[in-house]
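Quick look at protein.csv (CSV, C-alpha atoms):
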chain,number,residue,atom,x,y,z
U,1,MET,CA,-11.6,1.3,-33.6
U,2,ARG,CA,-12.5,-2.3,-34.2
U,3,ALA,CA,-13.7,-4.4,-31.3
U,4,ALA,CA,-15.2,-7.8,-30.6
U,5,VAL,CA,-18.8,-7.2,-29.3
U,6,LEU,CA,-20.9,-9.8,-27.6
U,7,ARG,CA,-24.6,-8.9,-28.2
U,8,ALA,CA,-26.3,-12.1,-26.8
U,9,LEU,CA,-25.5,-15.0,-24.5
U,10,ASP,CA,-25.6,-17.5,-27.3
U,11,ALA,CA,-24.3,-15.3,-30.1
U,12,PRO,CA,-20.8,-15.3,-31.6
U,13,PHE,CA,-18.6,-12.3,-31.1
U,14,GLN,CA,-19.0,-9.7,-33.8
U,15,ILE,CA,-16.2,-7.5,-35.1
U,16,GLU,CA,-17.7,-4.0,-35.2
U,17,ASP,CA,-16.6,-0.3,-35.5
U,18,ILE,CA,-16.8,1.4,-32.1
U,19,ASP,CA,-16.2,5.0,-31.1
U,20,LEU,CA,-14.7,5.7,-27.7
U,21,GLY,CA,-15.6,8.8,-25.6
U,22,GLU,CA,-13.3,11.3,-23.9
U,23,LEU,CA,-11.0,10.3,-21.1
U,24,ARG,CA,-11.8,11.3,-17.6
U,25,SER,CA,-9.0,12.9,-15.5
U,26,ASP,CA,-7.9,9.5,-14.0
U,27,GLU,CA,-8.1,7.5,-17.2
U,28,ILE,CA,-5.6,6.4,-19.9
U,29,LEU,CA,-6.1,5.4,-23.5
U,30,VAL,CA,-4.1,2.3,-24.4
U,31,ARG,CA,-3.5,1.0,-27.9
U,32,ILE,CA,-3.9,-2.7,-27.4
U,33,VAL,CA,-1.3,-5.0,-28.9
U,34,SER,CA,-2.7,-8.3,-27.5
U,35,SER,CA,-5.2,-9.6,-25.1
U,36,GLY,CA,-5.4,-13.0,-23.5
U,37,MET,CA,-8.7,-14.8,-23.5
U,38,CYS,CA,-9.7,-16.1,-20.0
U,39,HIS,CA,-12.6,-18.3,-18.8
U,40,THR,CA,-13.7,-15.3,-16.7
U,41,ASP,CA,-14.5,-13.5,-20.0
U,42,LEU,CA,-16.9,-16.3,-20.8
U,43,ILE,CA,-19.1,-15.8,-17.7
U,44,LEU,CA,-20.7,-13.1,-19.8
U,45,ARG,CA,-22.5,-16.1,-21.5
U,46,ASP,CA,-23.9,-17.3,-18.2
U,47,PRO,CA,-27.6,-16.5,-17.8
U,48,SER,CA,-27.0,-15.7,-14.2
U,49,TYR,CA,-24.8,-12.7,-15.1
U,50,LYS,CA,-27.1,-9.9,-14.5
U,51,ASP,CA,-25.8,-7.5,-17.2
U,52,GLY,CA,-25.5,-10.1,-19.9
U,53,SER,CA,-28.3,-8.7,-22.0
U,54,ARG,CA,-26.3,-5.5,-22.8
U,55,PRO,CA,-23.9,-5.4,-25.8
U,56,MET,CA,-20.4,-5.7,-24.3
U,57,ILE,CA,-16.7,-5.7,-25.2
U,58,ALA,CA,-15.0,-8.3,-23.0
U,59,GLY,CA,-11.2,-8.9,-22.4
U,60,HIS,CA,-9.3,-8.3,-19.3
U,61,GLU,CA,-5.7,-9.4,-20.0
U,62,GLY,CA,-4.6,-6.5,-22.3
U,63,ALA,CA,-1.1,-5.4,-23.2
U,64,GLY,CA,-0.3,-2.3,-25.2
U,65,VAL,CA,1.0,1.2,-25.5
U,66,VAL,CA,-0.3,4.3,-23.7
U,67,GLU,CA,-1.5,6.9,-26.3
U,68,ARG,CA,-3.0,9.6,-24.0
U,69,VAL,CA,-3.5,10.2,-20.3
U,70,GLY,CA,-6.1,12.2,-18.3
U,71,SER,CA,-5.1,15.4,-16.5
U,72,ALA,CA,-4.8,13.8,-13.1
U,73,VAL,CA,-2.6,10.9,-14.2
U,74,THR,CA,0.9,11.2,-12.8
U,75,ARG,CA,2.6,7.7,-12.9
U,76,THR,CA,1.9,6.8,-16.6
U,77,ARG,CA,2.7,8.8,-19.7
U,78,PRO,CA,2.2,8.5,-23.5
U,79,GLY,CA,4.6,5.9,-25.0
U,80,ASP,CA,4.7,3.7,-21.9
U,81,HIS,CA,4.3,0.0,-22.5
U,82,VAL,CA,1.8,-1.4,-20.1
U,83,LEU,CA,0.1,-4.6,-19.0
U,84,LEU,CA,-3.6,-4.2,-17.9
U,85,SER,CA,-4.9,-6.0,-14.8
U,86,PHE,CA,-7.8,-5.6,-12.4
U,87,ASP,CA,-8.8,-2.2,-11.0
U,88,SER,CA,-9.1,-1.1,-7.4
U,89,CYS,CA,-10.0,2.1,-5.6
U,90,GLY,CA,-6.7,2.8,-3.8
U,91,TRP,CA,-8.3,4.3,-0.8
U,92,CYS,CA,-10.1,1.6,1.2
U,93,SER,CA,-8.4,0.0,4.1
U,94,LEU,CA,-7.7,-3.1,2.0
U,95,CYS,CA,-6.0,-1.2,-0.8
U,96,ARG,CA,-4.0,0.8,1.7
U,97,THR,CA,-2.7,-2.4,3.4
U,98,GLY,CA,-1.5,-4.0,0.1
U,99,ASN,CA,-4.6,-6.1,-0.6
U,100,PRO,CA,-6.2,-4.4,-3.7
U,101,ALA,CA,-7.5,-7.8,-5.0
U,102,TYR,CA,-10.0,-7.6,-2.1
U,103,CYS,CA,-10.8,-3.9,-2.6
U,104,VAL,CA,-14.3,-3.0,-1.3
U,105,GLN,CA,-15.1,-1.9,-4.8
U,106,PHE,CA,-13.6,-4.9,-6.6
U,107,GLU,CA,-16.9,-6.1,-8.1
U,108,ALA,CA,-18.1,-2.6,-9.0
U,109,ARG,CA,-14.9,-1.8,-10.8
U,110,ASN,CA,-14.3,-5.1,-12.5
U,111,VAL,CA,-17.3,-7.2,-13.2
U,112,THR,CA,-20.1,-4.8,-14.0
U,113,GLY,CA,-18.6,-3.6,-17.3
U,114,THR,CA,-19.1,0.0,-16.3
U,115,ARG,CA,-17.4,2.7,-14.2
U,116,VAL,CA,-18.3,2.8,-10.6
U,117,ASP,CA,-21.0,5.4,-11.3
U,118,GLY,CA,-22.6,3.1,-13.9
U,119,THR,CA,-21.4,5.0,-17.0
U,120,THR,CA,-19.6,3.6,-20.1
U,121,SER,CA,-17.5,5.3,-22.7
U,122,ALA,CA,-18.3,3.6,-26.1
U,123,VAL,CA,-21.0,3.6,-28.7
U,124,ASP,CA,-21.5,1.5,-31.8
U,125,ALA,CA,-21.9,2.7,-35.4
U,126,GLY,CA,-25.6,3.5,-34.8
U,127,GLY,CA,-24.8,5.5,-31.7
U,128,ALA,CA,-26.0,2.9,-29.2
U,129,GLU,CA,-24.2,2.4,-25.9
U,130,VAL,CA,-21.7,-0.5,-25.7
U,131,VAL,CA,-20.4,-1.7,-22.3
U,132,ASN,CA,-16.6,-1.3,-22.4
U,133,ARG,CA,-15.3,-1.3,-18.8
U,134,TRP,CA,-14.9,-5.0,-18.2
U,135,PHE,CA,-12.2,-5.1,-15.6
U,136,ALA,CA,-11.7,-1.4,-16.3
U,137,GLN,CA,-10.3,-2.2,-19.8
U,138,SER,CA,-12.4,-4.3,-22.2
U,139,SER,CA,-9.3,-5.2,-24.2
U,140,PHE,CA,-10.9,-7.3,-27.0
U,141,ALA,CA,-10.4,-4.2,-29.1
U,142,GLU,CA,-7.8,-2.1,-30.8
U,143,TYR,CA,-8.0,0.5,-28.0
U,144,ALA,CA,-9.1,0.4,-24.4
U,145,ILE,CA,-9.8,3.1,-21.8
U,146,ALA,CA,-8.2,2.0,-18.5
U,147,THR,CA,-7.1,3.6,-15.2
U,148,GLU,CA,-3.7,4.3,-13.8
U,149,ARG,CA,-4.3,1.8,-11.0
U,150,ASN,CA,-4.9,-1.2,-13.3
U,151,ALA,CA,-1.9,-0.4,-15.6
U,152,VAL,CA,1.6,-1.9,-14.9
U,153,VAL,CA,4.4,-0.1,-16.8
U,154,VAL,CA,7.0,-2.6,-18.3
U,155,ALA,CA,10.2,-2.3,-20.3
U,156,ASN,CA,9.7,-1.2,-23.9
U,157,ASP,CA,11.8,-4.1,-25.2
U,158,LEU,CA,9.4,-6.8,-23.9
U,159,PRO,CA,7.1,-8.7,-26.4
U,160,LEU,CA,3.7,-7.2,-25.8
U,161,GLU,CA,2.1,-9.9,-28.1
U,162,LEU,CA,3.0,-12.4,-25.3
U,163,LEU,CA,2.5,-10.6,-22.1
U,164,GLY,CA,-1.2,-10.0,-21.8
U,165,PRO,CA,-2.1,-13.2,-19.9
U,166,LEU,CA,0.2,-12.0,-17.0
U,167,GLY,CA,-2.5,-9.5,-16.1
U,168,CYS,CA,-5.0,-12.1,-14.8
U,169,GLY,CA,-4.8,-15.8,-15.4
U,170,LEU,CA,-1.1,-16.2,-14.9
U,171,GLN,CA,-1.1,-13.7,-12.1
U,172,THR,CA,-3.9,-15.7,-10.4
U,173,GLY,CA,-2.1,-19.0,-10.7
U,174,ALA,CA,1.4,-17.8,-9.6
U,175,GLY,CA,0.1,-15.4,-7.1
U,176,SER,CA,-2.0,-18.0,-5.3
U,177,VAL,CA,1.2,-20.0,-4.7
U,178,LEU,CA,3.4,-17.1,-3.9
U,179,ASN,CA,1.0,-14.9,-1.9
U,180,GLU,CA,-1.9,-17.0,-0.7
U,181,MET,CA,0.0,-20.2,0.1
U,182,LYS,CA,3.4,-18.8,0.6
U,183,LEU,CA,4.6,-22.3,-0.4
U,184,GLY,CA,8.1,-23.0,0.8
U,185,PRO,CA,10.9,-25.4,-0.1
U,186,GLY,CA,10.0,-29.1,0.3
U,187,GLN,CA,6.3,-28.5,0.7
U,188,SER,CA,3.8,-30.3,-1.5
U,189,LEU,CA,1.0,-29.1,-3.8
U,190,ALA,CA,-1.8,-30.8,-5.8
U,191,VAL,CA,-3.2,-28.8,-8.7
U,192,PHE,CA,-6.6,-29.6,-10.1
U,193,GLY,CA,-7.0,-28.3,-13.7
U,194,ALA,CA,-4.0,-27.9,-16.1
U,195,GLY,CA,-5.2,-24.8,-17.9
U,196,ALA,CA,-3.2,-21.6,-17.9
U,197,VAL,CA,-4.0,-20.8,-14.3
U,198,GLY,CA,-3.1,-24.3,-13.0
U,199,LEU,CA,0.1,-24.4,-15.0
U,200,ALA,CA,1.1,-21.0,-13.8
U,201,ALA,CA,0.8,-22.4,-10.2
U,202,VAL,CA,3.0,-25.4,-11.2
U,203,MET,CA,5.7,-23.0,-12.5
U,204,ALA,CA,5.5,-20.9,-9.3
U,205,ALA,CA,5.6,-24.0,-7.1
U,206,ARG,CA,8.8,-25.1,-8.9
U,207,ILE,CA,10.3,-21.6,-8.4
U,208,SER,CA,9.4,-21.9,-4.7
U,209,GLY,CA,11.2,-25.2,-4.4
U,210,ALA,CA,8.2,-27.5,-3.8
U,211,GLY,CA,9.1,-31.1,-3.2
U,212,ASP,CA,6.0,-32.8,-4.7
U,213,ILE,CA,3.8,-31.2,-7.4
U,214,VAL,CA,0.9,-33.3,-8.6
U,215,VAL,CA,-1.3,-32.2,-11.4
U,216,VAL,CA,-4.8,-33.6,-12.2
U,217,ASP,CA,-6.5,-33.0,-15.6
U,218,MET,CA,-8.6,-34.8,-18.2
U,219,HIS,CA,-6.3,-34.0,-21.2
U,220,ASP,CA,-3.2,-36.1,-21.7
U,221,SER,CA,-1.5,-33.3,-23.7
U,222,ARG,CA,-1.9,-30.9,-20.8
U,223,LEU,CA,-0.6,-33.4,-18.3
U,224,ALA,CA,2.5,-34.0,-20.5
U,225,LEU,CA,3.1,-30.2,-20.6
U,226,ALA,CA,2.6,-30.0,-16.8
U,227,GLU,CA,5.5,-32.5,-16.4
U,228,LYS,CA,7.7,-30.4,-18.6
U,229,LEU,CA,6.9,-27.3,-16.5
U,230,GLY,CA,7.7,-28.9,-13.1
U,231,ALA,CA,5.0,-31.5,-12.1
U,232,THR,CA,6.6,-34.4,-10.3
U,233,ARG,CA,3.6,-36.6,-11.0
U,234,VAL,CA,0.3,-36.4,-13.0
U,235,VAL,CA,-3.0,-38.0,-12.6
U,236,ARG,CA,-5.9,-38.4,-15.0
U,237,GLY,CA,-9.1,-36.8,-13.7
U,238,ASP,CA,-11.1,-39.9,-14.5
U,239,ALA,CA,-8.9,-42.3,-12.5
U,240,PRO,CA,-11.1,-45.0,-10.8
U,241,ASP,CA,-10.3,-43.9,-7.3
U,242,LEU,CA,-9.2,-40.3,-7.8
U,243,ILE,CA,-8.4,-39.5,-4.1
U,244,ASP,CA,-6.1,-42.6,-3.8
U,245,ALA,CA,-4.5,-41.8,-7.1
U,246,VAL,CA,-3.7,-38.2,-6.2
U,247,MET,CA,-2.5,-39.2,-2.7
U,248,GLY,CA,-0.1,-41.7,-4.2
U,249,GLY,CA,0.5,-43.4,-0.9
U,250,SER,CA,1.4,-40.1,0.9
U,251,SER,CA,-0.2,-38.6,4.0
U,252,GLY,CA,-1.6,-35.7,2.0
U,253,PHE,CA,-0.6,-32.3,0.6
U,254,ASP,CA,0.4,-29.1,2.3
U,255,PHE,CA,-1.6,-27.2,-0.3
U,256,THR,CA,-4.1,-27.8,-3.0
U,257,PHE,CA,-5.1,-25.5,-5.8
U,258,GLU,CA,-8.5,-25.9,-7.5
U,259,THR,CA,-9.2,-24.2,-10.8
U,260,THR,CA,-12.3,-26.0,-12.3
U,261,ALA,CA,-15.1,-24.8,-10.0
U,262,VAL,CA,-16.6,-28.3,-10.3
U,263,THR,CA,-18.0,-29.0,-6.8
U,264,ASN,CA,-17.0,-32.7,-6.6
U,265,VAL,CA,-13.4,-31.7,-7.7
U,266,ILE,CA,-13.3,-29.1,-4.9
U,267,THR,CA,-14.3,-31.8,-2.4
U,268,THR,CA,-11.5,-33.9,-3.6
U,269,ALA,CA,-9.1,-31.0,-3.4
U,270,ILE,CA,-10.0,-30.6,0.3
U,271,SER,CA,-10.0,-34.4,1.0
U,272,VAL,CA,-6.4,-34.9,-0.1
U,273,LEU,CA,-5.0,-32.2,2.2
U,274,ARG,CA,-3.0,-33.2,5.2
U,275,ARG,CA,-3.8,-31.7,8.5
U,276,PRO,CA,-3.0,-28.9,8.7
U,277,GLY,CA,-3.4,-28.0,5.1
U,278,LYS,CA,-4.8,-25.3,2.9
U,279,ALA,CA,-7.0,-25.4,-0.3
U,280,VAL,CA,-7.0,-22.3,-2.5
U,281,LEU,CA,-10.0,-22.1,-4.9
U,282,VAL,CA,-10.0,-19.8,-7.9
U,283,GLY,CA,-12.6,-21.3,-10.4
U,284,ALA,CA,-15.6,-19.2,-11.0
U,285,GLY,CA,-18.8,-21.2,-11.0
U,286,ALA,CA,-22.4,-21.2,-9.9
U,287,GLY,CA,-22.4,-24.6,-8.1
U,288,ARG,CA,-22.8,-24.9,-4.3
U,289,LEU,CA,-20.4,-26.8,-2.2
U,290,ASP,CA,-21.7,-29.4,0.3
U,291,VAL,CA,-18.9,-30.4,2.7
U,292,SER,CA,-19.1,-32.3,6.0
U,293,PRO,CA,-17.6,-30.2,8.8
U,294,THR,CA,-15.4,-33.1,9.8
U,295,LEU,CA,-13.7,-32.8,6.4
U,296,LEU,CA,-12.5,-29.4,7.5
U,297,THR,CA,-10.7,-30.6,10.6
U,298,GLY,CA,-7.4,-28.9,10.7
U,299,ARG,CA,-7.9,-27.8,7.1
U,300,HIS,CA,-8.4,-24.3,5.7
U,301,VAL,CA,-10.3,-23.4,2.5
U,302,THR,CA,-10.3,-20.0,0.8
U,303,MET,CA,-11.4,-18.5,-2.5
U,304,SER,CA,-8.7,-16.2,-4.0
U,305,PHE,CA,-9.2,-13.2,-6.3
U,306,GLU,CA,-6.2,-12.5,-8.6
U,307,GLY,CA,-3.8,-14.5,-6.5
U,308,GLY,CA,-4.0,-11.9,-3.8
U,309,ALA,CA,-1.6,-9.9,-5.9
U,310,VAL,CA,-0.5,-6.3,-6.2
U,311,PRO,CA,0.0,-6.3,-9.9
U,312,GLN,CA,2.6,-3.6,-9.9
U,313,ILE,CA,4.8,-5.8,-7.6
U,314,LEU,CA,4.0,-9.4,-8.9
U,315,LEU,CA,4.0,-8.9,-12.6
U,316,PRO,CA,7.5,-7.4,-12.8
U,317,LYS,CA,8.7,-10.4,-10.7
U,318,LEU,CA,7.0,-12.9,-13.1
U,319,ILE,CA,8.7,-11.1,-16.0
U,320,GLU,CA,12.1,-11.5,-14.2
U,321,HIS,CA,11.4,-15.2,-13.8
U,322,TRP,CA,10.4,-15.4,-17.5
U,323,ARG,CA,13.6,-13.7,-18.6
U,324,ALA,CA,15.6,-16.2,-16.5
U,325,GLY,CA,13.8,-19.2,-18.1
U,326,ARG,CA,12.0,-20.1,-14.8
U,327,PHE,CA,8.5,-19.1,-15.9
U,328,PRO,CA,8.2,-20.1,-19.6
U,329,PHE,CA,4.5,-19.2,-20.0
U,330,GLU,CA,5.0,-18.7,-23.7
U,331,LYS,CA,4.6,-22.5,-23.9
U,332,LEU,CA,0.9,-22.1,-23.0
U,333,ILE,CA,0.0,-19.5,-25.7
U,334,THR,CA,-1.6,-19.8,-29.1
U,335,ALA,CA,-2.0,-16.5,-31.0
U,336,TYR,CA,-5.1,-15.6,-33.1
U,337,PRO,CA,-6.0,-12.4,-35.0
U,338,LEU,CA,-8.9,-10.5,-33.4
U,339,ALA,CA,-11.1,-11.5,-36.4
U,340,ASP,CA,-10.7,-15.2,-35.3
U,341,ILE,CA,-12.0,-14.6,-31.8
U,342,ASN,CA,-14.8,-17.1,-32.1
U,343,GLN,CA,-12.4,-19.8,-33.2
U,344,ALA,CA,-10.1,-18.9,-30.2
U,345,GLU,CA,-13.1,-19.3,-27.9
U,346,ALA,CA,-14.1,-22.7,-29.4
U,347,ASP,CA,-10.5,-24.0,-29.2
U,348,SER,CA,-10.2,-22.9,-25.6
U,349,LEU,CA,-13.5,-24.6,-24.6
U,350,SER,CA,-12.6,-27.8,-26.3
U,351,GLY,CA,-9.3,-28.0,-24.5
U,352,GLU,CA,-7.3,-27.9,-27.8
U,353,VAL,CA,-5.6,-24.7,-26.7
U,354,ILE,CA,-4.5,-23.7,-23.3
U,355,LYS,CA,-4.3,-19.9,-23.5
U,356,PRO,CA,-5.6,-18.1,-26.6
U,357,VAL,CA,-4.1,-14.7,-27.1
U,358,LEU,CA,-5.8,-12.2,-29.5
U,359,VAL,CA,-3.2,-10.1,-31.5
U,360,MET,CA,-4.6,-6.8,-32.8
U,361,GLY,CA,-2.1,-6.2,-35.5
Re-express the file's structure as structure tokens.
Amino acid sequence: MRAAVLRALDAPFQIEDIDLGELRSDEILVRIVSSGMCHTDLILRDPSYKDGSRPMIAGHEGAGVVERVGSAVTRTRPGDHVLLSFDSCGWCSLCRTGNPAYCVQFEARNVTGTRVDGTTSAVDAGGAEVVNRWFAQSSFAEYAIATERNAVVVANDLPLELLGPLGCGLQTGAGSVLNEMKLGPGQSLAVFGAGAVGLAAVMAARISGAGDIVVVDMHDSRLALAEKLGATRVVRGDAPDLIDAVMGGSSGFDFTFETTAVTNVITTAISVLRRPGKAVLVGAGAGRLDVSPTLLTGRHVTMSFEGGAVPQILLPKLIEHWRAGRFPFEKLITAYPLADINQAEADSLSGEVIKPVLVMG
């Protein structure tokens, strides 16, 4: 197969020929149709990422068709159309109580790039090992080895070239509103960062009947799109007095949603909460947060993984909302062939594109 391989932190992705190994009993082989590009994929370029020196295939928002299944697989079969999301063990107390996003093995299964036992299942043309288990899929490739637990079977008539981003970024944004906040009719939300995750939160807040949805970003084009998707008010992130501009004369927000991982923006997201209020953080970053305890009076702050979602429950619901026109995430997507992955990355980092999606065909 062809795959986009990252061989060094500061190197471009290289399109290479890769051989996959045999399936284990609980694994499935998926022919990838498309894969969203998420900022989480780019933490592989962060020097603090401990496994960054190893050649790796990234990608964790895959959509495709099941080609083969392992001997122990019972809920997925060849020919199924699937979305790939995060992996979980299924047996820990958190998985068994409907919280797989906080599985005790979440990091081992998703952000090491290997199986839990440290093995991989791919080699390059020279026979050298390539890490290919990023979020138990590594979907920047024509094929991916995944597991039954991180695959969500969907209807065969759905456009797989669009659906990949539902598996992580859109799930994180929408799930944070629907699951972590449980935002109700008439409640208010301020969203910091109008990327795909933030705009998914905006759409979910509109579905939930939010009364006031304020979006903060540095890009005018993204703010304009936020208004089309349900924002009641938008604010430039470089406003002279950002807290006052976001508050807009109100007493504060029931919820805030922070996607940037910029520490001073996180502080602002906490500051504009009413009491009581809840801030949900999802941005991955290495900065440290310095907050006065008094700022937390009556306020709750949490970091959410994957919107606290059970993918097999949330993703079909998001698809239902999309079919009904309530979750028009296609407005966020720009498609690229796999060969143009480096352009897709550059366009995403510049803010020119909200959600790049790599199409394998």
From atom CA of Gly79 of chain U to atom CA of Leu158 of chain U the spacing works out at 13.6 Å
Point-to-point distance in Å for atom CA of Ser138 of chain U and atom CA of Arg7 of chain U:
14.4 Å
Distance in Å - atom CA of Lys182 of chain U versus atom CA of Ser85 of chain U
21.7 Å
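Proximity of U:Glu107, U:Glu27, U:Glu161, U:Asp87 to Gly361 of chain U, computed with all atoms listed in the file, is greatest for U:Glu161.
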Which residues, written as JSON, numbers by chain, have at least one atom at most 7 Å from Pro311 of chain U, with all atoms listed in the file counted and residues fewer than 3 positions away on the same chain left out?
{"U": [85, 152, 314, 315]}
What does the file look like for those residues with C-alpha atoms, as an mmCIF file, keeping the file's coordinate frame?
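Listing of out.cif after writing:
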data_model
loop_
_atom_site.group_PDB
_atom_site.id
_atom_site.type_symbol
_atom_site.label_atom_id
_atom_site.label_comp_id
_atom_site.auth_asym_id
_atom_site.auth_seq_id
_atom_site.Cartn_x
_atom_site.Cartn_y
_atom_site.Cartn_z
ATOM 1 C CA SER U 85 -4.900 -6.000 -14.800
ATOM 2 C CA VAL U 152 1.600 -1.900 -14.900
ATOM 3 C CA LEU U 314 4.000 -9.400 -8.900
ATOM 4 C CA LEU U 315 4.000 -8.900 -12.600
#
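Contact shell of segment 234-249 of chain U at 8 Å (all atoms listed in the file; same-chain neighbours under 5 positions omitted): Ala190, Val214, Val215, Val216, Asp217, Met218, His219, Asp220, Leu223, Ala226, Glu227, Thr268, Ser271 and Val272 of chain U.
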Restricted to C-alpha atoms, what would the selected residues look like written as a PDB file, keeping the file's coordinate frame?
ATOM      1  CA  ALA U 190      -1.800 -30.800  -5.800  1.00  0.00           C
ATOM      2  CA  VAL U 214       0.900 -33.300  -8.600  1.00  0.00           C
ATOM      3  CA  VAL U 215      -1.300 -32.200 -11.400  1.00  0.00           C
ATOM      4  CA  VAL U 216      -4.800 -33.600 -12.200  1.00  0.00           C
ATOM      5  CA  ASP U 217      -6.500 -33.000 -15.600  1.00  0.00           C
ATOM      6  CA  MET U 218      -8.600 -34.800 -18.200  1.00  0.00           C
ATOM      7  CA  HIS U 219      -6.300 -34.000 -21.200  1.00  0.00           C
ATOM      8  CA  ASP U 220      -3.200 -36.100 -21.700  1.00  0.00           C
ATOM      9  CA  LEU U 223      -0.600 -33.400 -18.300  1.00  0.00           C
ATOM     10  CA  ALA U 226       2.600 -30.000 -16.800  1.00  0.00           C
ATOM     11  CA  GLU U 227       5.500 -32.500 -16.400  1.00  0.00           C
ATOM     12  CA  THR U 268     -11.500 -33.900  -3.600  1.00  0.00           C
ATOM     13  CA  SER U 271     -10.000 -34.400   1.000  1.00  0.00           C
ATOM     14  CA  VAL U 272      -6.400 -34.900  -0.100  1.00  0.00           C
TER      15      VAL U 272
END
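Using all atoms listed in the file, the contacts of Arg149 of chain U at a cut-off of 12 Å, with sequence neighbours closer than 4 positions omitted, comprise Asp26, Glu27, Ile28, Val73, Thr74, Arg75, Thr76, Val82, Leu83, Leu84, Ser85, Phe86, Asp87, Ser88, Cys89, Gly90, Trp91, Cys95, Pro100, Ala101, Arg109, Phe135, Ala136, Gln137, Val153, Val310, Pro311 and Gln312 of chain U.
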Residues within 12 Å of Pro55 of chain U, only C-alpha atoms, excluding chain neighbours under 3 positions, as a PDB file with C-alpha atoms, keeping the file's coordinate frame:
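Below you can see around05.pdb, which holds the result:
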ATOM      1  CA  ALA U   3     -13.700  -4.400 -31.300  1.00  0.00           C
ATOM      2  CA  ALA U   4     -15.200  -7.800 -30.600  1.00  0.00           C
ATOM      3  CA  VAL U   5     -18.800  -7.200 -29.300  1.00  0.00           C
ATOM      4  CA  LEU U   6     -20.900  -9.800 -27.600  1.00  0.00           C
ATOM      5  CA  ARG U   7     -24.600  -8.900 -28.200  1.00  0.00           C
ATOM      6  CA  ALA U   8     -26.300 -12.100 -26.800  1.00  0.00           C
ATOM      7  CA  LEU U   9     -25.500 -15.000 -24.500  1.00  0.00           C
ATOM      8  CA  ALA U  11     -24.300 -15.300 -30.100  1.00  0.00           C
ATOM      9  CA  PRO U  12     -20.800 -15.300 -31.600  1.00  0.00           C
ATOM     10  CA  PHE U  13     -18.600 -12.300 -31.100  1.00  0.00           C
ATOM     11  CA  GLN U  14     -19.000  -9.700 -33.800  1.00  0.00           C
ATOM     12  CA  GLU U  16     -17.700  -4.000 -35.200  1.00  0.00           C
ATOM     13  CA  ILE U  18     -16.800   1.400 -32.100  1.00  0.00           C
ATOM     14  CA  LEU U  44     -20.700 -13.100 -19.800  1.00  0.00           C
ATOM     15  CA  ARG U  45     -22.500 -16.100 -21.500  1.00  0.00           C
ATOM     16  CA  ASP U  51     -25.800  -7.500 -17.200  1.00  0.00           C
ATOM     17  CA  GLY U  52     -25.500 -10.100 -19.900  1.00  0.00           C
ATOM     18  CA  ALA U  58     -15.000  -8.300 -23.000  1.00  0.00           C
ATOM     19  CA  GLY U 113     -18.600  -3.600 -17.300  1.00  0.00           C
ATOM     20  CA  THR U 114     -19.100   0.000 -16.300  1.00  0.00           C
ATOM     21  CA  THR U 120     -19.600   3.600 -20.100  1.00  0.00           C
ATOM     22  CA  ALA U 122     -18.300   3.600 -26.100  1.00  0.00           C
ATOM     23  CA  VAL U 123     -21.000   3.600 -28.700  1.00  0.00           C
ATOM     24  CA  ASP U 124     -21.500   1.500 -31.800  1.00  0.00           C
ATOM     25  CA  ALA U 128     -26.000   2.900 -29.200  1.00  0.00           C
ATOM     26  CA  GLU U 129     -24.200   2.400 -25.900  1.00  0.00           C
ATOM     27  CA  VAL U 130     -21.700  -0.500 -25.700  1.00  0.00           C
ATOM     28  CA  VAL U 131     -20.400  -1.700 -22.300  1.00  0.00           C
ATOM     29  CA  ASN U 132     -16.600  -1.300 -22.400  1.00  0.00           C
ATOM     30  CA  ARG U 133     -15.300  -1.300 -18.800  1.00  0.00           C
ATOM     31  CA  TRP U 134     -14.900  -5.000 -18.200  1.00  0.00           C
TER      32      TRP U 134
END
How close does segment 83-158 of chain U get to segment 331-352 of chain U? List, as JSON lines, each residue of segment 83-158 of chain U within 9 Å, its nearest atom pair and the distance in Å to one decimal, counting only C-alpha atoms.
{"residue": "U:Phe140", "atom": "CA", "partner": "U:Leu338", "partner_atom": "CA", "distance": 7.4}
{"residue": "U:Ala141", "atom": "CA", "partner": "U:Leu338", "partner_atom": "CA", "distance": 7.8}
{"residue": "U:Glu142", "atom": "CA", "partner": "U:Leu338", "partner_atom": "CA", "distance": 8.9}
Residues within 10 Å of (-0.1, -11.5, -27.6), counting all atoms listed in the file, listed as a compact mmCIF listing (two decimals) with C-alpha atoms, in the coordinates of the input:
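Output file out36.txt is given in full below:
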# COMPACT_ATOMS: atom_id res chain seq x y z
CA ILE U 32 -3.90 -2.70 -27.40
CA VAL U 33 -1.30 -5.00 -28.90
CA SER U 34 -2.70 -8.30 -27.50
CA SER U 35 -5.20 -9.60 -25.10
CA GLY U 36 -5.40 -13.00 -23.50
CA GLU U 61 -5.70 -9.40 -20.00
CA GLY U 62 -4.60 -6.50 -22.30
CA ALA U 63 -1.10 -5.40 -23.20
CA GLY U 64 -0.30 -2.30 -25.20
CA PRO U 159 7.10 -8.70 -26.40
CA LEU U 160 3.70 -7.20 -25.80
CA GLU U 161 2.10 -9.90 -28.10
CA LEU U 162 3.00 -12.40 -25.30
CA LEU U 163 2.50 -10.60 -22.10
CA GLY U 164 -1.20 -10.00 -21.80
CA PRO U 165 -2.10 -13.20 -19.90
CA GLU U 330 5.00 -18.70 -23.70
CA ILE U 333 0.00 -19.50 -25.70
CA THR U 334 -1.60 -19.80 -29.10
CA ALA U 335 -2.00 -16.50 -31.00
CA TYR U 336 -5.10 -15.60 -33.10
CA PRO U 337 -6.00 -12.40 -35.00
CA PRO U 356 -5.60 -18.10 -26.60
CA VAL U 357 -4.10 -14.70 -27.10
CA LEU U 358 -5.80 -12.20 -29.50
CA VAL U 359 -3.20 -10.10 -31.50
CA MET U 360 -4.60 -6.80 -32.80
CA GLY U 361 -2.10 -6.20 -35.50
